[in-house]
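Participant: Dropping in entry06.txt, with compact mmCIF, N, CA and C atoms and all ligand atoms.
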```txt
# COMPACT_ATOMS: atom_id res chain seq x y z
N MET A 1 -14.03 1.22 24.05
CA MET A 1 -14.65 0.03 23.46
C MET A 1 -13.75 -0.52 22.35
N LEU A 2 -13.57 -1.80 22.34
CA LEU A 2 -12.77 -2.46 21.31
C LEU A 2 -13.70 -3.30 20.43
N ALA A 3 -13.55 -3.17 19.13
CA ALA A 3 -14.35 -3.96 18.19
C ALA A 3 -13.59 -5.23 17.82
N ILE A 4 -14.32 -6.33 17.74
CA ILE A 4 -13.67 -7.58 17.32
C ILE A 4 -14.56 -8.26 16.29
N GLY A 5 -13.92 -8.92 15.33
CA GLY A 5 -14.68 -9.63 14.31
C GLY A 5 -13.82 -10.64 13.60
N SER A 6 -14.46 -11.63 13.02
CA SER A 6 -13.70 -12.67 12.33
C SER A 6 -14.57 -13.33 11.27
N ASP A 7 -13.91 -14.10 10.41
CA ASP A 7 -14.65 -15.05 9.58
C ASP A 7 -14.63 -16.39 10.31
N HIS A 8 -15.06 -17.44 9.62
CA HIS A 8 -15.13 -18.76 10.24
C HIS A 8 -13.74 -19.27 10.62
N GLY A 9 -12.72 -18.88 9.82
CA GLY A 9 -11.35 -19.34 10.10
C GLY A 9 -10.76 -18.73 11.36
N GLY A 10 -11.31 -17.60 11.78
CA GLY A 10 -10.81 -16.94 12.98
C GLY A 10 -11.78 -17.03 14.15
N PHE A 11 -12.88 -17.70 13.92
CA PHE A 11 -13.98 -17.73 14.91
C PHE A 11 -13.53 -18.24 16.28
N GLU A 12 -12.86 -19.36 16.30
CA GLU A 12 -12.49 -19.96 17.59
C GLU A 12 -11.51 -19.05 18.35
N LEU A 13 -10.48 -18.57 17.64
CA LEU A 13 -9.51 -17.70 18.31
C LEU A 13 -10.15 -16.38 18.73
N LYS A 14 -11.07 -15.89 17.92
CA LYS A 14 -11.79 -14.65 18.30
C LYS A 14 -12.44 -14.80 19.65
N ASN A 15 -13.10 -15.92 19.86
CA ASN A 15 -13.80 -16.11 21.13
C ASN A 15 -12.83 -16.15 22.31
N HIS A 16 -11.67 -16.76 22.09
CA HIS A 16 -10.66 -16.81 23.16
C HIS A 16 -10.09 -15.41 23.43
N VAL A 17 -9.80 -14.68 22.37
CA VAL A 17 -9.24 -13.32 22.53
C VAL A 17 -10.26 -12.41 23.20
N LYS A 18 -11.50 -12.53 22.79
CA LYS A 18 -12.57 -11.72 23.40
C LYS A 18 -12.65 -11.99 24.90
N LYS A 19 -12.65 -13.24 25.28
CA LYS A 19 -12.73 -13.58 26.71
C LYS A 19 -11.49 -13.06 27.46
N HIS A 20 -10.34 -13.20 26.83
CA HIS A 20 -9.09 -12.71 27.44
C HIS A 20 -9.20 -11.21 27.74
N LEU A 21 -9.71 -10.46 26.78
CA LEU A 21 -9.84 -9.02 26.96
C LEU A 21 -10.88 -8.69 28.03
N GLU A 22 -11.99 -9.38 27.98
CA GLU A 22 -13.05 -9.12 28.96
C GLU A 22 -12.59 -9.48 30.37
N ASP A 23 -11.79 -10.53 30.47
CA ASP A 23 -11.25 -10.91 31.79
C ASP A 23 -10.35 -9.81 32.35
N MET A 24 -9.79 -8.99 31.46
CA MET A 24 -8.93 -7.88 31.90
C MET A 24 -9.73 -6.59 32.09
N GLY A 25 -11.05 -6.69 31.94
CA GLY A 25 -11.91 -5.54 32.18
C GLY A 25 -12.08 -4.64 30.97
N ILE A 26 -11.70 -5.13 29.80
CA ILE A 26 -11.83 -4.32 28.58
C ILE A 26 -13.18 -4.59 27.93
N ALA A 27 -13.89 -3.51 27.59
CA ALA A 27 -15.19 -3.65 26.93
C ALA A 27 -14.99 -4.02 25.47
N VAL A 28 -15.65 -5.07 25.04
CA VAL A 28 -15.49 -5.58 23.68
C VAL A 28 -16.86 -5.64 22.99
N LYS A 29 -16.92 -5.11 21.78
CA LYS A 29 -18.13 -5.27 20.97
C LYS A 29 -17.84 -6.30 19.89
N ASP A 30 -18.57 -7.39 19.92
CA ASP A 30 -18.33 -8.52 19.01
C ASP A 30 -19.23 -8.39 17.79
N PHE A 31 -18.61 -8.19 16.63
CA PHE A 31 -19.35 -8.04 15.38
C PHE A 31 -19.49 -9.37 14.63
N GLY A 32 -19.21 -10.47 15.31
CA GLY A 32 -19.35 -11.78 14.70
C GLY A 32 -18.12 -12.17 13.90
N VAL A 33 -18.12 -13.34 13.32
CA VAL A 33 -19.25 -14.24 13.19
C VAL A 33 -19.48 -15.02 14.48
N PHE A 34 -20.61 -15.72 14.48
CA PHE A 34 -20.99 -16.43 15.69
C PHE A 34 -21.11 -17.93 15.46
N SER A 35 -20.54 -18.40 14.35
CA SER A 35 -20.52 -19.85 14.10
C SER A 35 -19.38 -20.12 13.12
N GLU A 36 -19.12 -21.38 12.86
CA GLU A 36 -18.04 -21.75 11.93
C GLU A 36 -18.56 -21.96 10.51
N GLU A 37 -19.77 -21.50 10.26
CA GLU A 37 -20.30 -21.56 8.90
C GLU A 37 -19.44 -20.69 7.98
N SER A 38 -19.16 -21.17 6.79
CA SER A 38 -18.27 -20.46 5.88
C SER A 38 -18.86 -19.13 5.43
N VAL A 39 -18.06 -18.08 5.54
CA VAL A 39 -18.46 -16.73 5.14
C VAL A 39 -17.29 -16.09 4.37
N ASP A 40 -17.50 -14.87 3.89
CA ASP A 40 -16.48 -14.16 3.13
C ASP A 40 -15.82 -13.09 4.01
N TYR A 41 -14.50 -13.19 4.15
CA TYR A 41 -13.82 -12.30 5.11
C TYR A 41 -13.98 -10.80 4.84
N PRO A 42 -14.13 -10.33 3.58
CA PRO A 42 -14.34 -8.88 3.43
C PRO A 42 -15.61 -8.40 4.12
N ASP A 43 -16.63 -9.27 4.14
CA ASP A 43 -17.88 -8.90 4.82
C ASP A 43 -17.66 -8.77 6.32
N CYS A 44 -16.72 -9.53 6.84
CA CYS A 44 -16.45 -9.52 8.29
C CYS A 44 -15.59 -8.33 8.68
N ALA A 45 -14.75 -7.88 7.77
CA ALA A 45 -13.91 -6.71 8.06
C ALA A 45 -14.75 -5.45 8.15
N LYS A 46 -15.78 -5.36 7.33
CA LYS A 46 -16.56 -4.13 7.16
C LYS A 46 -17.09 -3.53 8.48
N PRO A 47 -17.88 -4.25 9.27
CA PRO A 47 -18.45 -3.61 10.46
C PRO A 47 -17.41 -3.17 11.48
N VAL A 48 -16.32 -3.90 11.57
CA VAL A 48 -15.26 -3.54 12.52
C VAL A 48 -14.55 -2.27 12.04
N CYS A 49 -14.25 -2.20 10.75
CA CYS A 49 -13.60 -0.99 10.21
C CYS A 49 -14.51 0.21 10.36
N GLU A 50 -15.78 0.02 10.08
CA GLU A 50 -16.73 1.15 10.19
C GLU A 50 -16.86 1.62 11.64
N ALA A 51 -16.83 0.68 12.57
CA ALA A 51 -16.94 1.06 14.00
C ALA A 51 -15.72 1.85 14.43
N VAL A 52 -14.56 1.49 13.92
CA VAL A 52 -13.33 2.21 14.28
C VAL A 52 -13.33 3.59 13.60
N LEU A 53 -13.71 3.64 12.36
CA LEU A 53 -13.68 4.91 11.63
C LEU A 53 -14.72 5.90 12.15
N SER A 54 -15.84 5.39 12.63
CA SER A 54 -16.89 6.28 13.15
C SER A 54 -16.57 6.78 14.55
N GLY A 55 -15.62 6.11 15.22
CA GLY A 55 -15.31 6.48 16.59
C GLY A 55 -16.11 5.71 17.62
N GLU A 56 -17.03 4.87 17.13
CA GLU A 56 -17.80 4.03 18.07
C GLU A 56 -16.85 3.16 18.90
N CYS A 57 -15.80 2.68 18.25
CA CYS A 57 -14.78 1.88 18.93
C CYS A 57 -13.41 2.52 18.69
N GLU A 58 -12.58 2.50 19.69
CA GLU A 58 -11.26 3.15 19.57
C GLU A 58 -10.30 2.33 18.74
N ARG A 59 -10.49 1.01 18.76
CA ARG A 59 -9.57 0.11 18.06
C ARG A 59 -10.28 -1.19 17.76
N GLY A 60 -9.63 -2.03 16.94
CA GLY A 60 -10.30 -3.28 16.57
C GLY A 60 -9.33 -4.42 16.38
N ILE A 61 -9.88 -5.61 16.47
CA ILE A 61 -9.12 -6.84 16.19
C ILE A 61 -9.91 -7.65 15.18
N LEU A 62 -9.23 -8.08 14.11
CA LEU A 62 -9.86 -8.88 13.06
C LEU A 62 -9.10 -10.18 12.90
N LEU A 63 -9.82 -11.24 12.66
CA LEU A 63 -9.21 -12.55 12.50
C LEU A 63 -9.82 -13.28 11.31
N CYS A 64 -8.97 -13.97 10.56
CA CYS A 64 -9.44 -14.95 9.60
C CYS A 64 -8.50 -16.15 9.72
N GLY A 65 -8.49 -17.03 8.74
CA GLY A 65 -7.66 -18.22 8.89
C GLY A 65 -6.19 -17.89 9.01
N THR A 66 -5.71 -17.06 8.10
CA THR A 66 -4.31 -16.63 8.13
C THR A 66 -4.13 -15.22 8.67
N GLY A 67 -5.19 -14.45 8.68
CA GLY A 67 -5.12 -13.02 8.99
C GLY A 67 -4.81 -12.19 7.76
N ILE A 68 -4.46 -12.86 6.67
CA ILE A 68 -4.03 -12.13 5.47
C ILE A 68 -5.21 -11.48 4.76
N GLY A 69 -6.20 -12.27 4.43
CA GLY A 69 -7.34 -11.74 3.67
C GLY A 69 -8.03 -10.60 4.38
N ILE A 70 -8.23 -10.79 5.67
CA ILE A 70 -9.00 -9.78 6.41
C ILE A 70 -8.17 -8.51 6.61
N SER A 71 -6.84 -8.65 6.66
CA SER A 71 -6.00 -7.44 6.77
C SER A 71 -5.96 -6.70 5.44
N ILE A 72 -5.92 -7.43 4.35
CA ILE A 72 -5.96 -6.77 3.03
C ILE A 72 -7.27 -6.01 2.89
N ALA A 73 -8.36 -6.65 3.25
CA ALA A 73 -9.68 -5.99 3.14
C ALA A 73 -9.74 -4.76 4.05
N ALA A 74 -9.29 -4.88 5.28
CA ALA A 74 -9.38 -3.77 6.23
C ALA A 74 -8.57 -2.57 5.75
N ASN A 75 -7.43 -2.84 5.14
CA ASN A 75 -6.56 -1.74 4.71
C ASN A 75 -7.08 -1.00 3.49
N LYS A 76 -8.19 -1.47 2.91
CA LYS A 76 -8.85 -0.73 1.83
C LYS A 76 -9.67 0.43 2.36
N TYR A 77 -9.94 0.44 3.66
CA TYR A 77 -10.73 1.52 4.26
C TYR A 77 -9.80 2.68 4.62
N LYS A 78 -10.12 3.84 4.09
CA LYS A 78 -9.30 5.03 4.37
C LYS A 78 -9.28 5.32 5.87
N GLY A 79 -8.11 5.41 6.42
CA GLY A 79 -7.99 5.70 7.85
C GLY A 79 -7.74 4.47 8.69
N ILE A 80 -7.93 3.31 8.09
CA ILE A 80 -7.62 2.07 8.81
C ILE A 80 -6.15 1.71 8.56
N ARG A 81 -5.47 1.45 9.65
CA ARG A 81 -4.10 0.94 9.59
C ARG A 81 -4.12 -0.41 10.30
N ALA A 82 -4.31 -1.46 9.50
CA ALA A 82 -4.46 -2.81 10.04
C ALA A 82 -3.14 -3.56 9.91
N ALA A 83 -2.67 -4.05 11.03
CA ALA A 83 -1.38 -4.75 11.06
C ALA A 83 -1.59 -6.24 11.33
N LEU A 84 -1.15 -7.05 10.39
CA LEU A 84 -1.18 -8.50 10.59
C LEU A 84 0.01 -8.89 11.47
N CYS A 85 -0.26 -9.41 12.62
CA CYS A 85 0.81 -9.72 13.58
C CYS A 85 0.80 -11.18 13.99
N SER A 86 1.97 -11.79 13.90
CA SER A 86 2.10 -13.16 14.40
C SER A 86 3.25 -13.25 15.40
N ASP A 87 3.77 -12.09 15.82
CA ASP A 87 4.79 -12.08 16.87
C ASP A 87 4.61 -10.84 17.74
N VAL A 88 5.16 -10.91 18.93
CA VAL A 88 4.95 -9.86 19.93
C VAL A 88 5.65 -8.56 19.56
N PHE A 89 6.87 -8.67 19.02
CA PHE A 89 7.63 -7.47 18.67
C PHE A 89 6.88 -6.65 17.61
N SER A 90 6.39 -7.33 16.58
CA SER A 90 5.66 -6.61 15.52
C SER A 90 4.40 -5.95 16.07
N ALA A 91 3.75 -6.63 17.00
CA ALA A 91 2.53 -6.06 17.58
C ALA A 91 2.85 -4.76 18.31
N LYS A 92 3.92 -4.77 19.09
CA LYS A 92 4.34 -3.57 19.82
C LYS A 92 4.70 -2.45 18.84
N MET A 93 5.49 -2.80 17.83
CA MET A 93 5.91 -1.80 16.85
C MET A 93 4.73 -1.27 16.04
N SER A 94 3.76 -2.12 15.79
CA SER A 94 2.61 -1.70 14.98
C SER A 94 1.88 -0.54 15.63
N LYS A 95 1.96 -0.47 16.96
CA LYS A 95 1.36 0.68 17.65
C LYS A 95 2.36 1.82 17.77
N GLU A 96 3.58 1.50 18.19
CA GLU A 96 4.57 2.56 18.45
C GLU A 96 4.94 3.32 17.18
N HIS A 97 5.10 2.62 16.08
CA HIS A 97 5.56 3.25 14.84
C HIS A 97 4.43 3.50 13.83
N ASN A 98 3.48 2.59 13.76
CA ASN A 98 2.46 2.67 12.71
C ASN A 98 1.10 3.11 13.22
N ASN A 99 0.98 3.24 14.53
CA ASN A 99 -0.30 3.61 15.16
C ASN A 99 -1.44 2.76 14.60
N ALA A 100 -1.20 1.47 14.52
CA ALA A 100 -2.21 0.55 13.98
C ALA A 100 -3.48 0.64 14.82
N ASN A 101 -4.60 0.92 14.13
CA ASN A 101 -5.86 0.98 14.87
C ASN A 101 -6.62 -0.34 14.82
N ILE A 102 -6.07 -1.29 14.04
CA ILE A 102 -6.59 -2.65 14.02
C ILE A 102 -5.41 -3.59 13.96
N ILE A 103 -5.46 -4.68 14.71
CA ILE A 103 -4.50 -5.76 14.46
C ILE A 103 -5.27 -6.97 13.97
N CYS A 104 -4.58 -7.74 13.14
CA CYS A 104 -5.17 -8.94 12.54
C CYS A 104 -4.38 -10.16 12.98
N LEU A 105 -5.11 -11.21 13.22
CA LEU A 105 -4.51 -12.47 13.67
C LEU A 105 -5.02 -13.60 12.80
N GLY A 106 -4.19 -14.62 12.67
CA GLY A 106 -4.58 -15.81 11.92
C GLY A 106 -4.99 -16.93 12.86
N GLY A 107 -6.25 -17.27 12.80
CA GLY A 107 -6.75 -18.30 13.70
C GLY A 107 -6.17 -19.68 13.45
N ARG A 108 -5.65 -19.88 12.21
CA ARG A 108 -5.05 -21.17 11.87
C ARG A 108 -3.53 -21.09 11.91
N VAL A 109 -3.02 -19.95 12.38
CA VAL A 109 -1.57 -19.71 12.38
C VAL A 109 -1.04 -19.55 13.81
N THR A 110 -1.73 -18.73 14.56
CA THR A 110 -1.22 -18.29 15.86
C THR A 110 -1.97 -18.99 16.99
N GLY A 111 -1.21 -19.58 17.89
CA GLY A 111 -1.80 -20.26 19.04
C GLY A 111 -2.42 -19.28 20.02
N ARG A 112 -3.27 -19.82 20.86
CA ARG A 112 -4.06 -19.00 21.76
C ARG A 112 -3.19 -18.14 22.70
N GLU A 113 -2.23 -18.75 23.34
CA GLU A 113 -1.44 -18.01 24.32
C GLU A 113 -0.58 -16.93 23.65
N LEU A 114 -0.02 -17.27 22.49
CA LEU A 114 0.75 -16.27 21.76
C LEU A 114 -0.16 -15.13 21.31
N ALA A 115 -1.36 -15.47 20.88
CA ALA A 115 -2.32 -14.42 20.48
C ALA A 115 -2.59 -13.47 21.64
N PHE A 116 -2.71 -14.01 22.83
CA PHE A 116 -2.96 -13.15 24.00
C PHE A 116 -1.77 -12.21 24.21
N MET A 117 -0.56 -12.74 24.06
CA MET A 117 0.65 -11.91 24.25
C MET A 117 0.73 -10.82 23.18
N ILE A 118 0.36 -11.18 21.96
CA ILE A 118 0.36 -10.21 20.86
C ILE A 118 -0.64 -9.09 21.14
N VAL A 119 -1.83 -9.47 21.53
CA VAL A 119 -2.87 -8.48 21.81
C VAL A 119 -2.45 -7.59 22.98
N ASP A 120 -1.90 -8.18 24.02
CA ASP A 120 -1.48 -7.40 25.19
C ASP A 120 -0.39 -6.39 24.81
N ALA A 121 0.56 -6.84 24.00
CA ALA A 121 1.66 -5.95 23.60
C ALA A 121 1.13 -4.75 22.82
N TRP A 122 0.19 -5.01 21.95
CA TRP A 122 -0.41 -3.93 21.14
C TRP A 122 -1.25 -2.99 22.01
N MET A 123 -1.99 -3.56 22.94
CA MET A 123 -2.84 -2.75 23.82
C MET A 123 -2.00 -1.84 24.72
N GLN A 124 -0.87 -2.36 25.17
CA GLN A 124 -0.05 -1.62 26.14
C GLN A 124 0.89 -0.61 25.48
N ALA A 125 1.18 -0.80 24.22
CA ALA A 125 2.12 0.09 23.52
C ALA A 125 1.48 1.45 23.28
N GLU A 126 2.34 2.46 23.13
CA GLU A 126 1.85 3.81 22.83
C GLU A 126 2.51 4.33 21.56
N PHE A 127 1.72 5.00 20.76
CA PHE A 127 2.24 5.60 19.53
C PHE A 127 3.31 6.63 19.88
N GLN A 128 4.44 6.59 19.18
CA GLN A 128 5.55 7.47 19.52
C GLN A 128 5.53 8.81 18.81
N GLY A 129 4.65 8.97 17.82
CA GLY A 129 4.52 10.26 17.15
C GLY A 129 5.81 10.67 16.43
N GLY A 130 6.04 12.00 16.35
CA GLY A 130 7.26 12.50 15.72
C GLY A 130 7.40 12.06 14.28
N ARG A 131 8.56 11.52 13.95
CA ARG A 131 8.80 11.11 12.55
C ARG A 131 7.81 10.05 12.10
N HIS A 132 7.30 9.27 13.05
CA HIS A 132 6.34 8.22 12.69
C HIS A 132 5.00 8.84 12.27
N ALA A 133 4.65 9.94 12.92
CA ALA A 133 3.43 10.66 12.53
C ALA A 133 3.58 11.23 11.12
N ASP A 134 4.78 11.73 10.82
CA ASP A 134 5.04 12.27 9.47
C ASP A 134 4.86 11.18 8.42
N ARG A 135 5.32 9.98 8.75
CA ARG A 135 5.22 8.87 7.79
C ARG A 135 3.76 8.45 7.59
N ILE A 136 3.03 8.45 8.68
CA ILE A 136 1.60 8.09 8.55
C ILE A 136 0.87 9.15 7.74
N ALA A 137 1.27 10.41 7.91
CA ALA A 137 0.66 11.48 7.10
C ALA A 137 0.90 11.20 5.62
N LYS A 138 2.04 10.63 5.29
CA LYS A 138 2.32 10.30 3.88
C LYS A 138 1.42 9.17 3.40
N ILE A 139 1.08 8.26 4.29
CA ILE A 139 0.12 7.20 3.93
C ILE A 139 -1.23 7.83 3.62
N HIS A 140 -1.63 8.81 4.44
CA HIS A 140 -2.92 9.47 4.21
C HIS A 140 -2.90 10.25 2.90
N GLU A 141 -1.75 10.75 2.52
CA GLU A 141 -1.63 11.40 1.21
C GLU A 141 -1.88 10.39 0.09
N ILE A 142 -1.37 9.18 0.24
CA ILE A 142 -1.60 8.13 -0.76
C ILE A 142 -3.09 7.83 -0.85
N GLU A 143 -3.76 7.81 0.30
CA GLU A 143 -5.19 7.49 0.32
C GLU A 143 -6.01 8.49 -0.49
N LYS A 144 -5.52 9.73 -0.56
CA LYS A 144 -6.25 10.77 -1.31
C LYS A 144 -6.12 10.50 -2.79
C1 LIG A 201 -11.11 -19.19 4.66
O1 LIG A 201 -11.01 -20.52 4.26
C2 LIG A 201 -9.77 -18.51 4.55
O2 LIG A 201 -9.43 -18.34 3.20
C3 LIG A 201 -9.77 -17.19 5.27
O3 LIG A 201 -10.10 -17.40 6.60
C4 LIG A 201 -8.46 -16.43 5.29
O4 LIG A 201 -7.41 -17.24 5.69
C5 LIG A 201 -8.15 -15.66 4.07
O5 LIG A 201 -7.13 -14.96 4.00
```
Now, as a test, write the supplied structure out as structure tokens.

Facilitator:
Amino acid sequence: MLAIGSDHGGFELKNHVKKHLEDMGIAVKDFGVFSEESVDYPDCAKPVCEAVLSGECERGILLCGTGIGISIAANKYKGIRAALCSDVFSAKMSKEHNNANIICLGGRVTGRELAFMIVDAWMQAEFQGGRHADRIAKIHEIEK
């Protein structure tokens, strides 16, 4: 199960990304928002981060206008590695090297088709472990 959520700035792109994933047979749990009414992005990050941390969902996608605010908020949760991606290479690397369990997109930055390519690259990539696992362990040390 993949968790998805956005604020109003990411609402439209969220719906497109959700449909793209569902069309590929991926189960998606949508934590909202469900309209373009103005909301606060930290509130939108919360349920998606909690779903990933609890194991209810294996991974998550968060969107706001730029992707910046919601990625900053998500990265305050211990165990969340949220990568703001606006290109395909970074999306792939965010999984291979950083084992990102959430990617963030900017609904006012990234076009629909590019967003699909970014999401696909992240979904298909595999964490490479080894020295990258050692580095992530150092991040967890910082969290303590
Ligand atoms: C909302 O206007 C906007 O600030 C938000 O979506 C996001 O871009 C914040 O980083």

Participant: Which residue, A:Gly10, A:Ala137, A:Asp87, A:Glu50, has the smallest gap to Ile70 of chain A when you use only C-alpha atoms?

Facilitator: A:Gly10

Participant: What does the distance between atom CA of Arg108 of chain A and atom CA of Met123 of chain A come to in Å, to one decimal place?

Facilitator: 22.1 Å

Participant: Residues near segment 33-46 of chain A, anyone? I mean within 6.5 Å using only N, CA and C atoms, not counting same-chain ones fewer than 5 positions away, as a count of residues only.

Facilitator: 11

Participant: If I take atom CA of Ser86 of chain A and atom CA of Thr66 of chain A, how far is one from the other in Å, to one decimal?

Facilitator: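 These atoms are spaced 9.6 Å apart.
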
Participant: Quick one: of A:Gly106, A:Cys49, A:Gly60, A:His132, who's nearest to ligand LIG 201 (chain A), counting all atoms listed in the file?

Facilitator: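 Between A:Gly106, A:Cys49, A:Gly60, A:His132, the residue approaching ligand LIG 201 (chain A) most closely is A:Gly106.
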
Participant: Taking the DSSP assignment computed from this structure's backbone, write out as a VMD selection string all residues of segment 6-103 of chain A that belong to alpha helix (DSSP H).

Facilitator: chain A and resid 11 to 23 41 to 54 68 to 74 88 to 96

Participant: Could you work out how far atom N of Ile139 of chain A lies from atom CA of Phe116 of chain A, giving the answer in Å with one decimal?

Facilitator: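 These two atoms are separated by 29.4 Å.
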
Participant: Show me, as a VMD selection string, the residues that have an atom within 6 Å of Ile102 of chain A when counting all atoms listed in the file, minus same-chain residues fewer than 5 positions from it.

Facilitator: chain A and resid 59 to 62 81 to 83

Participant: Find the spatial neighbours of segment 15-30 of chain A, counting all atoms listed in the file, within a cut-off of 5 Å - ignore same-chain residues fewer than 2 positions away - and output them as number ranges by chain.

Facilitator: A: 1-4, 11-13, 32

Participant: Take every atom of segment 56-67 of chain A listed in the file, pad by 6 Å on each side, and give me the axis-aligned box centre and edge lengths in Å, one decimal, as AutoDock Vina command-line options.

Facilitator:
```
--center_x -11.0 --center_y -6.7 --center_z 13.7 --size_x 25.7 --size_y 35.1 --size_z 23.9
```

Participant: Rank nothing, just name the residue among A:Gly129, A:Gly79, A:Gly65, A:Gly111 nearest to ligand LIG 201 (chain A), using all atoms listed in the file.

Facilitator: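 Among the listed residues, A:Gly65 lies closest to ligand LIG 201 (chain A).
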
Participant: Taking the DSSP assignment computed from this structure's backbone, write out as a list of chain:residue names all residues of chain A that belong to strand (DSSP E or B).

Facilitator: A:Leu2, A:Ala3, A:Ile4, A:Gly5, A:Ser6, A:Val28, A:Lys29, A:Asp30, A:Arg59, A:Gly60, A:Ile61, A:Leu62, A:Leu63, A:Cys64, A:Ala82, A:Ala83, A:Leu84, A:Ile102, A:Ile103, A:Cys104, A:Leu105, A:Gly106

Participant: Between A:His97, A:Val48, A:Glu141, A:Ala91, which has the minimum distance to Leu63 of chain A (counting only C-alpha atoms)?

Facilitator: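 Between A:His97, A:Val48, A:Glu141, A:Ala91, the residue approaching Leu63 of chain A most closely is A:Val48.
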
Participant: From the set A:Val109, A:Lys138, A:Asn101, A:Phe127, which residue has the shortest atom-to-atom contact distance to Glu58 of chain A, counting all atoms listed in the file?

Facilitator: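 Of all the options, A:Asn101 lies closest to Glu58 of chain A.
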
Participant: What would segment 117-131 of chain A look like if you wrote it out as a PDB file, in the first residue's frame, with N, CA, C and O atoms included, from the block I just posted?

Facilitator:
```pdb
ATOM      1  N   MET A 117       7.053  10.149 -14.460  1.00  0.00           N
ATOM      2  CA  MET A 117       8.380   9.549 -14.685  1.00  0.00           C
ATOM      3  C   MET A 117       9.188   9.516 -13.391  1.00  0.00           C
ATOM      4  O   MET A 117       9.910   8.549 -13.107  1.00  0.00           O
ATOM      5  N   ILE A 118       9.071  10.576 -12.609  1.00  0.00           N
ATOM      6  CA  ILE A 118       9.771  10.645 -11.319  1.00  0.00           C
ATOM      7  C   ILE A 118       9.266   9.543 -10.386  1.00  0.00           C
ATOM      8  O   ILE A 118      10.051   8.809  -9.769  1.00  0.00           O
ATOM      9  N   VAL A 119       7.962   9.437 -10.294  1.00  0.00           N
ATOM     10  CA  VAL A 119       7.365   8.425  -9.415  1.00  0.00           C
ATOM     11  C   VAL A 119       7.754   7.021  -9.884  1.00  0.00           C
ATOM     12  O   VAL A 119       8.131   6.161  -9.075  1.00  0.00           O
ATOM     13  N   ASP A 120       7.700   6.783 -11.174  1.00  0.00           N
ATOM     14  CA  ASP A 120       8.047   5.459 -11.708  1.00  0.00           C
ATOM     15  C   ASP A 120       9.503   5.105 -11.398  1.00  0.00           C
ATOM     16  O   ASP A 120       9.812   3.968 -11.019  1.00  0.00           O
ATOM     17  N   ALA A 121      10.393   6.082 -11.570  1.00  0.00           N
ATOM     18  CA  ALA A 121      11.818   5.837 -11.319  1.00  0.00           C
ATOM     19  C   ALA A 121      12.050   5.457  -9.861  1.00  0.00           C
ATOM     20  O   ALA A 121      12.831   4.546  -9.550  1.00  0.00           O
ATOM     21  N   TRP A 122      11.374   6.147  -8.977  1.00  0.00           N
ATOM     22  CA  TRP A 122      11.511   5.873  -7.534  1.00  0.00           C
ATOM     23  C   TRP A 122      10.900   4.520  -7.172  1.00  0.00           C
ATOM     24  O   TRP A 122      11.472   3.747  -6.396  1.00  0.00           O
ATOM     25  N   MET A 123       9.767   4.208  -7.766  1.00  0.00           N
ATOM     26  CA  MET A 123       9.102   2.934  -7.475  1.00  0.00           C
ATOM     27  C   MET A 123       9.936   1.748  -7.957  1.00  0.00           C
ATOM     28  O   MET A 123       9.946   0.691  -7.331  1.00  0.00           O
ATOM     29  N   GLN A 124      10.591   1.924  -9.092  1.00  0.00           N
ATOM     30  CA  GLN A 124      11.323   0.805  -9.708  1.00  0.00           C
ATOM     31  C   GLN A 124      12.735   0.628  -9.139  1.00  0.00           C
ATOM     32  O   GLN A 124      13.326  -0.442  -9.264  1.00  0.00           O
ATOM     33  N   ALA A 125      13.268   1.671  -8.542  1.00  0.00           N
ATOM     34  CA  ALA A 125      14.635   1.610  -8.021  1.00  0.00           C
ATOM     35  C   ALA A 125      14.692   0.736  -6.766  1.00  0.00           C
ATOM     36  O   ALA A 125      13.690   0.559  -6.061  1.00  0.00           O
ATOM     37  N   GLU A 126      15.882   0.204  -6.507  1.00  0.00           N
ATOM     38  CA  GLU A 126      16.082  -0.609  -5.293  1.00  0.00           C
ATOM     39  C   GLU A 126      17.221  -0.033  -4.471  1.00  0.00           C
ATOM     40  O   GLU A 126      18.251   0.375  -5.022  1.00  0.00           O
ATOM     41  N   PHE A 127      17.028  -0.041  -3.176  1.00  0.00           N
ATOM     42  CA  PHE A 127      18.071   0.435  -2.264  1.00  0.00           C
ATOM     43  C   PHE A 127      19.312  -0.444  -2.413  1.00  0.00           C
ATOM     44  O   PHE A 127      19.224  -1.678  -2.415  1.00  0.00           O
ATOM     45  N   GLN A 128      20.481   0.185  -2.509  1.00  0.00           N
ATOM     46  CA  GLN A 128      21.706  -0.562  -2.766  1.00  0.00           C
ATOM     47  C   GLN A 128      22.423  -1.038  -1.509  1.00  0.00           C
ATOM     48  O   GLN A 128      23.370  -1.827  -1.601  1.00  0.00           O
ATOM     49  N   GLY A 129      21.995  -0.555  -0.343  1.00  0.00           N
ATOM     50  CA  GLY A 129      22.592  -1.032   0.907  1.00  0.00           C
ATOM     51  C   GLY A 129      24.080  -0.698   1.003  1.00  0.00           C
ATOM     52  O   GLY A 129      24.541   0.306   0.466  1.00  0.00           O
ATOM     53  N   GLY A 130      24.831  -1.571   1.707  1.00  0.00           N
ATOM     54  CA  GLY A 130      26.276  -1.376   1.829  1.00  0.00           C
ATOM     55  C   GLY A 130      26.629  -0.049   2.477  1.00  0.00           C
ATOM     56  O   GLY A 130      26.088   0.297   3.530  1.00  0.00           O
ATOM     57  N   ARG A 131      27.519   0.687   1.823  1.00  0.00           N
ATOM     58  CA  ARG A 131      27.965   1.965   2.405  1.00  0.00           C
ATOM     59  C   ARG A 131      26.811   2.943   2.568  1.00  0.00           C
ATOM     60  O   ARG A 131      26.827   3.803   3.457  1.00  0.00           O
TER      61      ARG A 131
END
```
